[in-house]
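The structure file data08.txt is reproduced below (compact mmCIF, N, CA, C and O atoms).
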# COMPACT_ATOMS: atom_id res chain seq x y z
N MET A 172 -22.13 6.98 -29.22
CA MET A 172 -22.72 5.80 -28.62
C MET A 172 -22.70 4.63 -29.60
O MET A 172 -22.44 3.50 -29.17
N ALA A 173 -22.96 4.91 -30.86
CA ALA A 173 -22.97 3.84 -31.85
C ALA A 173 -21.60 3.18 -31.94
O ALA A 173 -21.49 1.96 -31.98
N ARG A 174 -20.58 4.00 -31.94
CA ARG A 174 -19.21 3.47 -32.03
C ARG A 174 -18.87 2.63 -30.80
O ARG A 174 -18.30 1.54 -30.92
N LEU A 175 -19.22 3.13 -29.62
CA LEU A 175 -18.98 2.37 -28.39
C LEU A 175 -19.78 1.08 -28.42
O LEU A 175 -19.28 0.01 -28.06
N GLY A 176 -21.03 1.15 -28.84
CA GLY A 176 -21.88 -0.04 -28.92
C GLY A 176 -21.28 -1.11 -29.83
O GLY A 176 -21.27 -2.29 -29.48
N ARG A 177 -20.75 -0.69 -30.96
CA ARG A 177 -20.12 -1.66 -31.88
C ARG A 177 -18.90 -2.31 -31.23
O ARG A 177 -18.68 -3.51 -31.35
N ALA A 178 -18.11 -1.51 -30.53
CA ALA A 178 -16.92 -2.05 -29.86
C ALA A 178 -17.31 -3.04 -28.78
O ALA A 178 -16.70 -4.12 -28.65
N LEU A 179 -18.33 -2.71 -28.00
CA LEU A 179 -18.76 -3.60 -26.91
C LEU A 179 -19.33 -4.90 -27.44
O LEU A 179 -19.14 -5.96 -26.84
N LYS A 180 -20.02 -4.85 -28.57
CA LYS A 180 -20.61 -6.06 -29.15
C LYS A 180 -19.55 -7.04 -29.63
O LYS A 180 -19.83 -8.23 -29.76
N ARG A 181 -18.35 -6.57 -29.86
CA ARG A 181 -17.27 -7.46 -30.28
C ARG A 181 -16.73 -8.29 -29.11
O ARG A 181 -16.03 -9.28 -29.32
N LEU A 182 -17.03 -7.87 -27.90
CA LEU A 182 -16.56 -8.61 -26.72
C LEU A 182 -17.50 -9.77 -26.42
O LEU A 182 -18.72 -9.64 -26.54
N PRO A 183 -16.96 -10.90 -26.00
CA PRO A 183 -17.82 -12.03 -25.64
C PRO A 183 -18.77 -11.64 -24.50
O PRO A 183 -18.40 -10.86 -23.62
N THR A 184 -19.96 -12.20 -24.50
CA THR A 184 -20.93 -11.89 -23.43
C THR A 184 -20.47 -12.43 -22.08
O THR A 184 -21.03 -12.05 -21.06
N THR A 185 -19.48 -13.28 -22.07
CA THR A 185 -18.94 -13.80 -20.81
C THR A 185 -18.06 -12.76 -20.11
O THR A 185 -17.71 -12.94 -18.94
N VAL A 186 -17.72 -11.68 -20.80
CA VAL A 186 -16.91 -10.61 -20.21
C VAL A 186 -17.84 -9.60 -19.55
O VAL A 186 -18.63 -8.96 -20.22
N PRO A 187 -17.77 -9.46 -18.22
CA PRO A 187 -18.60 -8.46 -17.56
C PRO A 187 -18.12 -7.05 -17.92
O PRO A 187 -16.92 -6.81 -18.02
N LEU A 188 -19.07 -6.16 -18.11
CA LEU A 188 -18.74 -4.77 -18.42
C LEU A 188 -19.42 -3.85 -17.42
O LEU A 188 -20.59 -4.01 -17.12
N VAL A 189 -18.68 -2.88 -16.93
CA VAL A 189 -19.25 -1.87 -16.06
C VAL A 189 -18.82 -0.51 -16.63
O VAL A 189 -17.64 -0.20 -16.68
N LEU A 190 -19.81 0.24 -17.09
CA LEU A 190 -19.57 1.59 -17.56
C LEU A 190 -19.92 2.55 -16.43
O LEU A 190 -20.92 2.34 -15.75
N VAL A 191 -19.10 3.57 -16.25
CA VAL A 191 -19.37 4.52 -15.17
C VAL A 191 -19.33 5.96 -15.68
O VAL A 191 -18.58 6.29 -16.59
N MET A 192 -20.16 6.77 -15.08
CA MET A 192 -20.09 8.22 -15.24
C MET A 192 -19.37 8.67 -13.97
O MET A 192 -19.90 8.52 -12.86
N PRO A 193 -18.14 9.19 -14.09
CA PRO A 193 -17.38 9.52 -12.89
C PRO A 193 -17.99 10.68 -12.11
O PRO A 193 -18.65 11.55 -12.69
N PRO A 194 -17.75 10.69 -10.81
CA PRO A 194 -18.29 11.78 -9.99
C PRO A 194 -17.52 13.08 -10.21
O PRO A 194 -16.35 13.08 -10.60
N THR A 195 -18.20 14.17 -9.94
CA THR A 195 -17.59 15.49 -9.92
C THR A 195 -18.07 16.17 -8.64
O THR A 195 -19.00 15.70 -7.99
N PHE A 196 -17.42 17.25 -8.30
CA PHE A 196 -17.90 18.04 -7.17
C PHE A 196 -19.33 18.48 -7.48
O PHE A 196 -19.68 18.74 -8.63
N HIS A 197 -20.16 18.54 -6.47
CA HIS A 197 -21.61 18.74 -6.65
C HIS A 197 -21.97 19.96 -7.49
O HIS A 197 -23.01 19.97 -8.15
N THR A 198 -21.11 20.96 -7.53
CA THR A 198 -21.44 22.17 -8.29
C THR A 198 -21.46 21.94 -9.80
O THR A 198 -22.02 22.74 -10.54
N LEU A 199 -20.88 20.82 -10.25
CA LEU A 199 -20.89 20.49 -11.68
C LEU A 199 -22.04 19.57 -12.07
O LEU A 199 -22.24 19.31 -13.25
N VAL A 200 -22.76 19.06 -11.10
CA VAL A 200 -23.91 18.20 -11.40
C VAL A 200 -25.03 19.09 -11.95
O VAL A 200 -25.39 20.09 -11.33
N PRO A 201 -25.57 18.73 -13.12
CA PRO A 201 -26.62 19.58 -13.71
C PRO A 201 -27.83 19.73 -12.77
O PRO A 201 -28.23 18.78 -12.10
N GLN A 202 -28.38 20.92 -12.76
CA GLN A 202 -29.56 21.20 -11.94
C GLN A 202 -30.78 20.47 -12.52
O GLN A 202 -30.98 20.49 -13.74
N PRO A 203 -31.59 19.84 -11.66
CA PRO A 203 -32.79 19.15 -12.15
C PRO A 203 -33.65 20.10 -13.01
O PRO A 203 -33.82 21.27 -12.68
N GLY A 204 -34.12 19.56 -14.13
CA GLY A 204 -34.97 20.33 -15.02
C GLY A 204 -34.22 21.17 -16.04
O GLY A 204 -34.83 21.73 -16.95
N SER A 205 -32.91 21.28 -15.89
CA SER A 205 -32.12 22.08 -16.82
C SER A 205 -31.87 21.31 -18.12
O SER A 205 -32.01 20.08 -18.17
N VAL A 206 -31.49 22.02 -19.16
CA VAL A 206 -31.14 21.38 -20.43
C VAL A 206 -29.99 20.41 -20.20
O VAL A 206 -29.99 19.29 -20.72
N ALA A 207 -29.01 20.81 -19.41
CA ALA A 207 -27.86 19.94 -19.12
C ALA A 207 -28.30 18.65 -18.43
O ALA A 207 -27.77 17.57 -18.72
N ALA A 208 -29.27 18.74 -17.52
CA ALA A 208 -29.76 17.54 -16.83
C ALA A 208 -30.47 16.60 -17.80
O ALA A 208 -30.31 15.38 -17.73
N VAL A 209 -31.24 17.16 -18.71
CA VAL A 209 -31.93 16.35 -19.72
C VAL A 209 -30.91 15.66 -20.63
O VAL A 209 -31.02 14.46 -20.92
N GLU A 210 -29.90 16.40 -21.04
CA GLU A 210 -28.84 15.81 -21.88
C GLU A 210 -28.08 14.73 -21.13
O GLU A 210 -27.76 13.68 -21.68
N ASN A 211 -27.76 14.99 -19.87
CA ASN A 211 -27.05 14.01 -19.05
C ASN A 211 -27.88 12.73 -18.90
O ASN A 211 -27.34 11.62 -18.99
N GLN A 212 -29.19 12.87 -18.67
CA GLN A 212 -30.07 11.70 -18.53
C GLN A 212 -30.14 10.92 -19.83
O GLN A 212 -30.14 9.69 -19.83
N ALA A 213 -30.19 11.61 -20.96
CA ALA A 213 -30.21 10.94 -22.26
C ALA A 213 -28.94 10.13 -22.48
O ALA A 213 -28.98 9.00 -22.97
N CYS A 214 -27.82 10.69 -22.08
CA CYS A 214 -26.54 9.99 -22.18
C CYS A 214 -26.53 8.76 -21.28
O CYS A 214 -26.14 7.67 -21.71
N SER A 215 -26.97 8.91 -20.05
CA SER A 215 -27.04 7.79 -19.10
C SER A 215 -27.94 6.69 -19.63
O SER A 215 -27.60 5.50 -19.58
N ASP A 216 -29.10 7.07 -20.16
CA ASP A 216 -30.04 6.08 -20.70
C ASP A 216 -29.43 5.32 -21.88
O ASP A 216 -29.59 4.11 -21.99
N ALA A 217 -28.70 6.03 -22.72
CA ALA A 217 -28.06 5.39 -23.87
C ALA A 217 -26.98 4.40 -23.41
O ALA A 217 -26.86 3.30 -23.96
N LEU A 218 -26.22 4.77 -22.39
CA LEU A 218 -25.19 3.87 -21.88
C LEU A 218 -25.83 2.62 -21.25
O LEU A 218 -25.33 1.51 -21.42
N LYS A 219 -26.93 2.80 -20.53
CA LYS A 219 -27.65 1.65 -19.96
C LYS A 219 -28.10 0.71 -21.06
O LYS A 219 -28.00 -0.52 -20.93
N ARG A 220 -28.63 1.27 -22.14
CA ARG A 220 -29.13 0.44 -23.24
C ARG A 220 -28.02 -0.40 -23.88
O ARG A 220 -28.25 -1.52 -24.32
N LEU A 221 -26.81 0.14 -23.91
CA LEU A 221 -25.69 -0.61 -24.49
C LEU A 221 -25.42 -1.90 -23.74
O LEU A 221 -24.88 -2.85 -24.30
N LEU A 222 -25.78 -1.94 -22.47
CA LEU A 222 -25.49 -3.10 -21.63
C LEU A 222 -26.70 -4.00 -21.40
O LEU A 222 -26.57 -5.05 -20.75
N GLU A 223 -27.86 -3.63 -21.92
CA GLU A 223 -29.09 -4.42 -21.69
C GLU A 223 -28.89 -5.86 -22.13
O GLU A 223 -28.36 -6.13 -23.21
N GLY A 224 -29.29 -6.77 -21.25
CA GLY A 224 -29.21 -8.19 -21.56
C GLY A 224 -27.83 -8.79 -21.43
O GLY A 224 -27.65 -9.99 -21.66
N ARG A 225 -26.86 -8.01 -21.07
CA ARG A 225 -25.50 -8.53 -20.92
C ARG A 225 -25.29 -8.96 -19.47
O ARG A 225 -25.40 -8.15 -18.57
N PRO A 226 -24.99 -10.24 -19.25
CA PRO A 226 -24.81 -10.73 -17.88
C PRO A 226 -23.67 -10.02 -17.15
O PRO A 226 -22.66 -9.66 -17.75
N ARG A 227 -23.88 -9.83 -15.85
CA ARG A 227 -22.86 -9.27 -14.96
C ARG A 227 -22.30 -7.96 -15.46
O ARG A 227 -21.10 -7.70 -15.35
N SER A 228 -23.16 -7.14 -15.98
CA SER A 228 -22.75 -5.84 -16.51
C SER A 228 -23.69 -4.77 -15.97
O SER A 228 -24.83 -5.05 -15.61
N ASN A 229 -23.18 -3.53 -15.90
CA ASN A 229 -23.98 -2.48 -15.30
C ASN A 229 -23.45 -1.11 -15.74
O ASN A 229 -22.28 -0.97 -16.11
N PHE A 230 -24.33 -0.13 -15.70
CA PHE A 230 -23.95 1.27 -15.85
C PHE A 230 -24.19 1.94 -14.51
O PHE A 230 -25.26 1.79 -13.92
N ILE A 231 -23.19 2.66 -14.02
CA ILE A 231 -23.32 3.36 -12.74
C ILE A 231 -23.06 4.84 -12.96
O ILE A 231 -21.99 5.23 -13.45
N ASP A 232 -24.02 5.65 -12.59
CA ASP A 232 -23.87 7.10 -12.69
C ASP A 232 -23.46 7.65 -11.33
O ASP A 232 -24.27 7.78 -10.42
N PHE A 233 -22.17 7.94 -11.19
CA PHE A 233 -21.65 8.49 -9.95
C PHE A 233 -21.73 10.01 -9.94
O PHE A 233 -21.35 10.65 -8.95
N ARG A 234 -22.18 10.60 -11.02
CA ARG A 234 -22.26 12.07 -11.10
C ARG A 234 -23.57 12.53 -10.47
O ARG A 234 -24.56 12.83 -11.14
N VAL A 235 -23.55 12.55 -9.14
CA VAL A 235 -24.74 12.89 -8.36
C VAL A 235 -24.40 13.95 -7.32
O VAL A 235 -23.23 14.18 -7.01
N ASP A 236 -25.43 14.57 -6.80
CA ASP A 236 -25.28 15.54 -5.73
C ASP A 236 -25.66 14.83 -4.44
O ASP A 236 -26.84 14.55 -4.19
N ASN A 237 -24.66 14.47 -3.64
CA ASN A 237 -24.93 13.81 -2.36
C ASN A 237 -23.86 14.22 -1.34
O ASN A 237 -23.01 15.07 -1.64
N ALA A 238 -23.89 13.63 -0.18
CA ALA A 238 -22.95 14.01 0.88
C ALA A 238 -21.49 13.83 0.44
O ALA A 238 -20.63 14.67 0.76
N LEU A 239 -21.20 12.76 -0.28
CA LEU A 239 -19.83 12.52 -0.73
C LEU A 239 -19.36 13.59 -1.70
O LEU A 239 -18.23 14.07 -1.61
N THR A 240 -20.23 13.98 -2.63
CA THR A 240 -19.81 14.94 -3.66
C THR A 240 -19.91 16.39 -3.18
O THR A 240 -19.45 17.29 -3.86
N ARG A 241 -20.49 16.59 -2.00
CA ARG A 241 -20.55 17.94 -1.42
C ARG A 241 -19.36 18.22 -0.50
O ARG A 241 -19.12 19.36 -0.13
N ASP A 242 -18.63 17.19 -0.12
CA ASP A 242 -17.51 17.37 0.81
C ASP A 242 -16.23 17.72 0.04
O ASP A 242 -15.68 16.86 -0.66
N PRO A 243 -15.75 18.94 0.17
CA PRO A 243 -14.54 19.34 -0.56
C PRO A 243 -13.33 18.47 -0.24
O PRO A 243 -12.42 18.34 -1.06
N ALA A 244 -13.31 17.85 0.93
CA ALA A 244 -12.18 16.99 1.31
C ALA A 244 -12.08 15.76 0.42
O ALA A 244 -11.03 15.12 0.36
N ASN A 245 -13.16 15.42 -0.28
CA ASN A 245 -13.16 14.24 -1.15
C ASN A 245 -12.66 14.54 -2.55
O ASN A 245 -12.64 13.63 -3.40
N PHE A 246 -12.25 15.78 -2.81
CA PHE A 246 -11.80 16.17 -4.14
C PHE A 246 -10.50 16.96 -4.08
O PHE A 246 -10.30 17.78 -3.19
N ALA A 247 -9.64 16.74 -5.08
CA ALA A 247 -8.44 17.56 -5.25
C ALA A 247 -8.83 18.86 -5.94
O ALA A 247 -8.24 19.90 -5.68
N ASP A 248 -9.79 18.77 -6.84
CA ASP A 248 -10.40 19.93 -7.50
C ASP A 248 -11.81 19.49 -7.91
O ASP A 248 -12.25 18.42 -7.50
N ILE A 249 -12.50 20.24 -8.72
CA ILE A 249 -13.91 19.91 -8.97
C ILE A 249 -14.13 18.66 -9.82
O ILE A 249 -15.25 18.16 -9.87
N ILE A 250 -13.08 18.13 -10.43
CA ILE A 250 -13.26 16.90 -11.23
C ILE A 250 -12.38 15.73 -10.78
O ILE A 250 -12.60 14.60 -11.22
N HIS A 251 -11.43 15.96 -9.94
CA HIS A 251 -10.54 14.88 -9.50
C HIS A 251 -10.85 14.49 -8.06
O HIS A 251 -10.64 15.27 -7.13
N TYR A 252 -11.36 13.27 -7.90
CA TYR A 252 -11.77 12.79 -6.59
C TYR A 252 -10.64 12.06 -5.88
O TYR A 252 -9.68 11.60 -6.50
N ARG A 253 -10.78 11.95 -4.59
CA ARG A 253 -9.76 11.34 -3.74
C ARG A 253 -10.13 9.89 -3.38
O ARG A 253 -11.15 9.37 -3.81
N ALA A 254 -9.30 9.28 -2.58
CA ALA A 254 -9.39 7.85 -2.27
C ALA A 254 -10.73 7.44 -1.66
O ALA A 254 -11.24 6.36 -1.96
N LYS A 255 -11.32 8.27 -0.81
CA LYS A 255 -12.59 7.89 -0.17
C LYS A 255 -13.66 7.61 -1.24
O LYS A 255 -14.39 6.61 -1.14
N ILE A 256 -13.74 8.45 -2.23
CA ILE A 256 -14.70 8.23 -3.31
C ILE A 256 -14.27 7.05 -4.16
O ILE A 256 -15.10 6.22 -4.55
N ALA A 257 -13.01 6.95 -4.46
CA ALA A 257 -12.51 5.84 -5.28
C ALA A 257 -12.83 4.48 -4.64
O ALA A 257 -13.21 3.53 -5.35
N ARG A 258 -12.70 4.37 -3.32
CA ARG A 258 -13.01 3.10 -2.64
C ARG A 258 -14.50 2.76 -2.78
O ARG A 258 -14.88 1.61 -2.96
N LYS A 259 -15.36 3.78 -2.67
CA LYS A 259 -16.81 3.56 -2.84
C LYS A 259 -17.11 3.10 -4.27
O LYS A 259 -17.91 2.21 -4.48
N MET A 260 -16.45 3.72 -5.21
CA MET A 260 -16.63 3.34 -6.61
C MET A 260 -16.15 1.91 -6.84
O MET A 260 -16.81 1.13 -7.53
N GLU A 261 -15.02 1.58 -6.26
CA GLU A 261 -14.45 0.25 -6.38
C GLU A 261 -15.44 -0.81 -5.88
O GLU A 261 -15.66 -1.83 -6.55
N SER A 262 -16.06 -0.56 -4.75
CA SER A 262 -17.04 -1.50 -4.20
C SER A 262 -18.25 -1.65 -5.12
O SER A 262 -18.75 -2.76 -5.34
N ALA A 263 -18.71 -0.53 -5.67
CA ALA A 263 -19.87 -0.55 -6.57
C ALA A 263 -19.56 -1.31 -7.85
O ALA A 263 -20.38 -2.10 -8.35
N ILE A 264 -18.38 -1.10 -8.39
CA ILE A 264 -17.98 -1.79 -9.62
C ILE A 264 -17.84 -3.28 -9.36
O ILE A 264 -18.31 -4.11 -10.15
N ALA A 265 -17.22 -3.65 -8.25
CA ALA A 265 -17.07 -5.08 -7.91
C ALA A 265 -18.44 -5.74 -7.74
O ALA A 265 -18.66 -6.86 -8.23
N ALA A 266 -19.36 -5.07 -7.07
CA ALA A 266 -20.71 -5.62 -6.91
C ALA A 266 -21.39 -5.79 -8.26
O ALA A 266 -22.11 -6.77 -8.49
N SER A 267 -21.16 -4.86 -9.17
CA SER A 267 -21.76 -4.93 -10.50
C SER A 267 -21.19 -6.10 -11.30
O SER A 267 -21.92 -6.74 -12.06
N VAL A 268 -19.92 -6.38 -11.14
CA VAL A 268 -19.32 -7.52 -11.84
C VAL A 268 -19.93 -8.83 -11.33
O VAL A 268 -20.17 -9.76 -12.08
N ARG A 269 -20.23 -8.86 -10.02
CA ARG A 269 -20.85 -10.06 -9.44
C ARG A 269 -22.32 -10.18 -9.80
O ARG A 269 -22.81 -11.25 -10.14
N LEU A 270 -23.06 -9.07 -9.73
CA LEU A 270 -24.52 -9.12 -9.79
C LEU A 270 -25.15 -8.35 -10.96
O LEU A 270 -26.37 -8.33 -11.08
N GLY A 271 -24.34 -7.69 -11.75
CA GLY A 271 -24.88 -6.90 -12.86
C GLY A 271 -25.75 -5.76 -12.36
O GLY A 271 -25.49 -5.16 -11.32
N ALA A 272 -26.82 -5.49 -13.10
CA ALA A 272 -27.70 -4.36 -12.77
C ALA A 272 -28.44 -4.55 -11.44
O ALA A 272 -28.99 -3.60 -10.91
N ALA A 273 -28.43 -5.77 -10.91
CA ALA A 273 -29.09 -6.03 -9.61
C ALA A 273 -28.22 -5.60 -8.42
O ALA A 273 -28.68 -5.65 -7.29
N ALA A 274 -27.01 -5.18 -8.68
CA ALA A 274 -26.10 -4.78 -7.59
C ALA A 274 -26.68 -3.60 -6.81
O ALA A 274 -27.26 -2.69 -7.38
N GLN A 275 -26.53 -3.66 -5.51
CA GLN A 275 -26.93 -2.56 -4.63
C GLN A 275 -25.74 -1.61 -4.52
O GLN A 275 -24.71 -1.96 -3.99
N ILE A 276 -25.92 -0.41 -5.04
CA ILE A 276 -24.84 0.56 -5.05
C ILE A 276 -24.98 1.52 -3.88
O ILE A 276 -25.99 2.20 -3.75
N ASP A 277 -23.96 1.56 -3.02
CA ASP A 277 -23.95 2.47 -1.88
C ASP A 277 -22.97 3.59 -2.18
O ASP A 277 -21.76 3.46 -1.97
N PHE A 278 -23.48 4.66 -2.72
CA PHE A 278 -22.61 5.79 -3.07
C PHE A 278 -23.29 7.07 -2.65
O PHE A 278 -24.40 7.34 -2.93

What is this file in structure tokens?
Amino acid sequence: MARLGRALKRLPTTVPLVLVMPPTFHTLVPQPGSVAAVENQACSDALKRLLEGRPRSNFIDFRVDNALTRDPANFADIIHYRAKIARKMESAIAASVRLGAAAQIDF
């Protein structure tokens, strides 16, 4: 995180940044309360902190258990998603570039 933070700080604040945690098939999403879930949350929180105060920037965690990530048709395998998910991600990233952390993410 420190290395990524240093790299991001070299970019002008006029450059919008959107960091994403890519989606996986729901079986890879850590179970709530597990050590993996705690570690994943710590990672997400650290990525959010890297973007604090930066205009038109956002962190989006797409690694969730929801209808999209439960549908096998949306994945080629457990880590490679198909176009339906990619289009949703594209919309979320575009909204984040426009509105930063205030963007309404529909995923």

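If you count only C-alpha atoms and ignore residues fewer than 6 places along the chain from A:Asp232, what sits within 7 Å of it is Val191, Met192 and Pro193 of chain A.
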
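Every protein or nucleic acid residue with an atom no more than 7 Å from stretch 174-186 of chain A, counting only N, CA, C and O atoms and leaving out same-chain residues fewer than 6 positions away, appears here: A:Leu221, A:Gly224, A:Arg225, A:Pro226, A:Arg227, A:Ser228.
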
Box dimensions and centre (Å, one decimal) enclosing stretch 190-199 of chain A, axis-aligned, 4 Å extra per side, as AutoDock Vina command-line options:
--center_x -19.7 --center_y 11.5 --center_z -12.0 --size_x 14.7 --size_y 30.5 --size_z 19.1

- Query: So which one's closest to A:Lys255, A:Leu239, A:Leu270, A:Pro187, A:Ala213? Using all atoms listed in the file, please.
  - Reply: A:Leu239

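Here atom CA of A:Ile276 and atom CA of A:Phe233 stand 9.9 Å from one another.
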
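Counting from atom CA of A:Leu199, the distance to atom N of A:Ala273 is 27.3 Å.
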
- Message: Residues within 7 Å of A:Asn237, please, as number ranges by chain. Count only N, CA, C and O atoms; anything in the same chain fewer than 5 positions from it doesn't count.
- Response: A: 197, 242, 278

Residues just named, written with N, CA, C and O atoms as a PDB file, in the coordinates of the input:
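Written file, part36.pdb:
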ATOM      1  N   HIS A 197     -20.160  18.540  -6.470  1.00  0.00           N
ATOM      2  CA  HIS A 197     -21.610  18.740  -6.650  1.00  0.00           C
ATOM      3  C   HIS A 197     -21.970  19.960  -7.490  1.00  0.00           C
ATOM      4  O   HIS A 197     -23.010  19.970  -8.150  1.00  0.00           O
ATOM      5  N   ASP A 242     -18.630  17.190  -0.120  1.00  0.00           N
ATOM      6  CA  ASP A 242     -17.510  17.370   0.810  1.00  0.00           C
ATOM      7  C   ASP A 242     -16.230  17.720   0.040  1.00  0.00           C
ATOM      8  O   ASP A 242     -15.680  16.860  -0.660  1.00  0.00           O
ATOM      9  N   PHE A 278     -23.480   4.660  -2.720  1.00  0.00           N
ATOM     10  CA  PHE A 278     -22.610   5.790  -3.070  1.00  0.00           C
ATOM     11  C   PHE A 278     -23.290   7.070  -2.650  1.00  0.00           C
ATOM     12  O   PHE A 278     -24.400   7.340  -2.930  1.00  0.00           O
TER      13      PHE A 278
END

- Check stretch 175-278 of chain A with DSSP on the backbone and list each residue it calls helix (DSSP H, G or I), as JSON, numbers by chain. {"A": [175, 176, 177, 178, 179, 180, 197, 198, 199, 206, 207, 208, 209, 210, 211, 212, 213, 214, 215, 216, 217, 218, 219, 220, 221, 222, 238, 239, 240, 241, 243, 244, 245, 254, 255, 256, 257, 258, 259, 260, 261, 262, 263, 264, 265, 266, 267, 268, 269, 270, 271, 272, 273]}

- Message: When you count all atoms listed in the file, which of these residues is closest to A:Val189: A:Ile249, A:Ala238, A:Ile256, A:Val268?
- Response: A:Val268

- In terms of the shortest atom-to-atom distance over all atoms listed in the file, which of A:Val206, A:Ala254, A:Phe246, A:Phe196 is closest to A:Arg234? A:Phe196

- From a DSSP calculation on the backbone, collect every residue of chain A in strand (DSSP E or B) and output the set as an MDAnalysis selection string. chainID A and resid 189:192 229:232 246 252

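Of the listed residues (A:Val235, A:Leu190, A:Ala173, A:Ile250), A:Leu190 comes nearest to A:Lys219; the distances count only N, CA, C and O atoms.
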
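A straight line drawn from atom CA of A:Val200 to atom CA of A:Pro243 is 14.4 Å long.
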
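The residue that comes closest to A:Cys214, out of A:Pro194, A:Glu261, A:Leu188, A:Met172 and on the basis of only N, CA, C and O atoms, is A:Met172.
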
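Nearest to A:Pro201 of all the residues A:Asn245, A:Asp236, A:Ala265, A:Ala274 is A:Asp236, counting only N, CA, C and O atoms.
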
Could stretch 207-213 of chain A be completed with all heavy atoms and returned as a PDB file, keeping the file's coordinate frame?
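Okay, this is what ended up in result13.pdb:
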ATOM      1  N   ALA A 207     -29.010  20.810 -19.410  1.00  0.00           N
ATOM      2  CA  ALA A 207     -27.860  19.940 -19.120  1.00  0.00           C
ATOM      3  C   ALA A 207     -28.300  18.650 -18.430  1.00  0.00           C
ATOM      4  O   ALA A 207     -27.770  17.570 -18.720  1.00  0.00           O
ATOM      5  CB  ALA A 207     -26.833  20.670 -18.277  1.00  0.00           C
ATOM      6  N   ALA A 208     -29.270  18.740 -17.520  1.00  0.00           N
ATOM      7  CA  ALA A 208     -29.760  17.540 -16.830  1.00  0.00           C
ATOM      8  C   ALA A 208     -30.470  16.600 -17.800  1.00  0.00           C
ATOM      9  O   ALA A 208     -30.310  15.380 -17.730  1.00  0.00           O
ATOM     10  CB  ALA A 208     -30.702  17.931 -15.694  1.00  0.00           C
ATOM     11  N   VAL A 209     -31.240  17.160 -18.710  1.00  0.00           N
ATOM     12  CA  VAL A 209     -31.930  16.350 -19.720  1.00  0.00           C
ATOM     13  C   VAL A 209     -30.910  15.660 -20.630  1.00  0.00           C
ATOM     14  O   VAL A 209     -31.020  14.460 -20.920  1.00  0.00           O
ATOM     15  CB  VAL A 209     -32.911  17.217 -20.542  1.00  0.00           C
ATOM     16  CG1 VAL A 209     -33.463  16.453 -21.735  1.00  0.00           C
ATOM     17  CG2 VAL A 209     -34.047  17.711 -19.653  1.00  0.00           C
ATOM     18  N   GLU A 210     -29.900  16.400 -21.040  1.00  0.00           N
ATOM     19  CA  GLU A 210     -28.840  15.810 -21.880  1.00  0.00           C
ATOM     20  C   GLU A 210     -28.080  14.730 -21.130  1.00  0.00           C
ATOM     21  O   GLU A 210     -27.760  13.680 -21.680  1.00  0.00           O
ATOM     22  CB  GLU A 210     -27.883  16.905 -22.353  1.00  0.00           C
ATOM     23  CG  GLU A 210     -28.498  17.851 -23.339  1.00  0.00           C
ATOM     24  CD  GLU A 210     -27.616  19.053 -23.644  1.00  0.00           C
ATOM     25  OE1 GLU A 210     -26.651  19.329 -22.881  1.00  0.00           O
ATOM     26  OE2 GLU A 210     -27.901  19.725 -24.647  1.00  0.00           O
ATOM     27  N   ASN A 211     -27.760  14.990 -19.870  1.00  0.00           N
ATOM     28  CA  ASN A 211     -27.050  14.010 -19.050  1.00  0.00           C
ATOM     29  C   ASN A 211     -27.880  12.730 -18.900  1.00  0.00           C
ATOM     30  O   ASN A 211     -27.340  11.620 -18.990  1.00  0.00           O
ATOM     31  CB  ASN A 211     -26.736  14.609 -17.677  1.00  0.00           C
ATOM     32  CG  ASN A 211     -25.793  13.754 -16.872  1.00  0.00           C
ATOM     33  OD1 ASN A 211     -24.649  13.589 -17.248  1.00  0.00           O
ATOM     34  ND2 ASN A 211     -26.282  13.206 -15.772  1.00  0.00           N
ATOM     35  N   GLN A 212     -29.190  12.870 -18.670  1.00  0.00           N
ATOM     36  CA  GLN A 212     -30.070  11.700 -18.530  1.00  0.00           C
ATOM     37  C   GLN A 212     -30.140  10.920 -19.830  1.00  0.00           C
ATOM     38  O   GLN A 212     -30.140   9.690 -19.830  1.00  0.00           O
ATOM     39  CB  GLN A 212     -31.473  12.114 -18.087  1.00  0.00           C
ATOM     40  CG  GLN A 212     -32.363  10.942 -17.734  1.00  0.00           C
ATOM     41  CD  GLN A 212     -31.785  10.097 -16.606  1.00  0.00           C
ATOM     42  OE1 GLN A 212     -31.494  10.615 -15.543  1.00  0.00           O
ATOM     43  NE2 GLN A 212     -31.608   8.803 -16.825  1.00  0.00           N
ATOM     44  N   ALA A 213     -30.190  11.610 -20.960  1.00  0.00           N
ATOM     45  CA  ALA A 213     -30.210  10.940 -22.260  1.00  0.00           C
ATOM     46  C   ALA A 213     -28.940  10.130 -22.480  1.00  0.00           C
ATOM     47  O   ALA A 213     -28.980   9.000 -22.970  1.00  0.00           O
ATOM     48  CB  ALA A 213     -30.410  11.956 -23.375  1.00  0.00           C
TER      49      ALA A 213
END
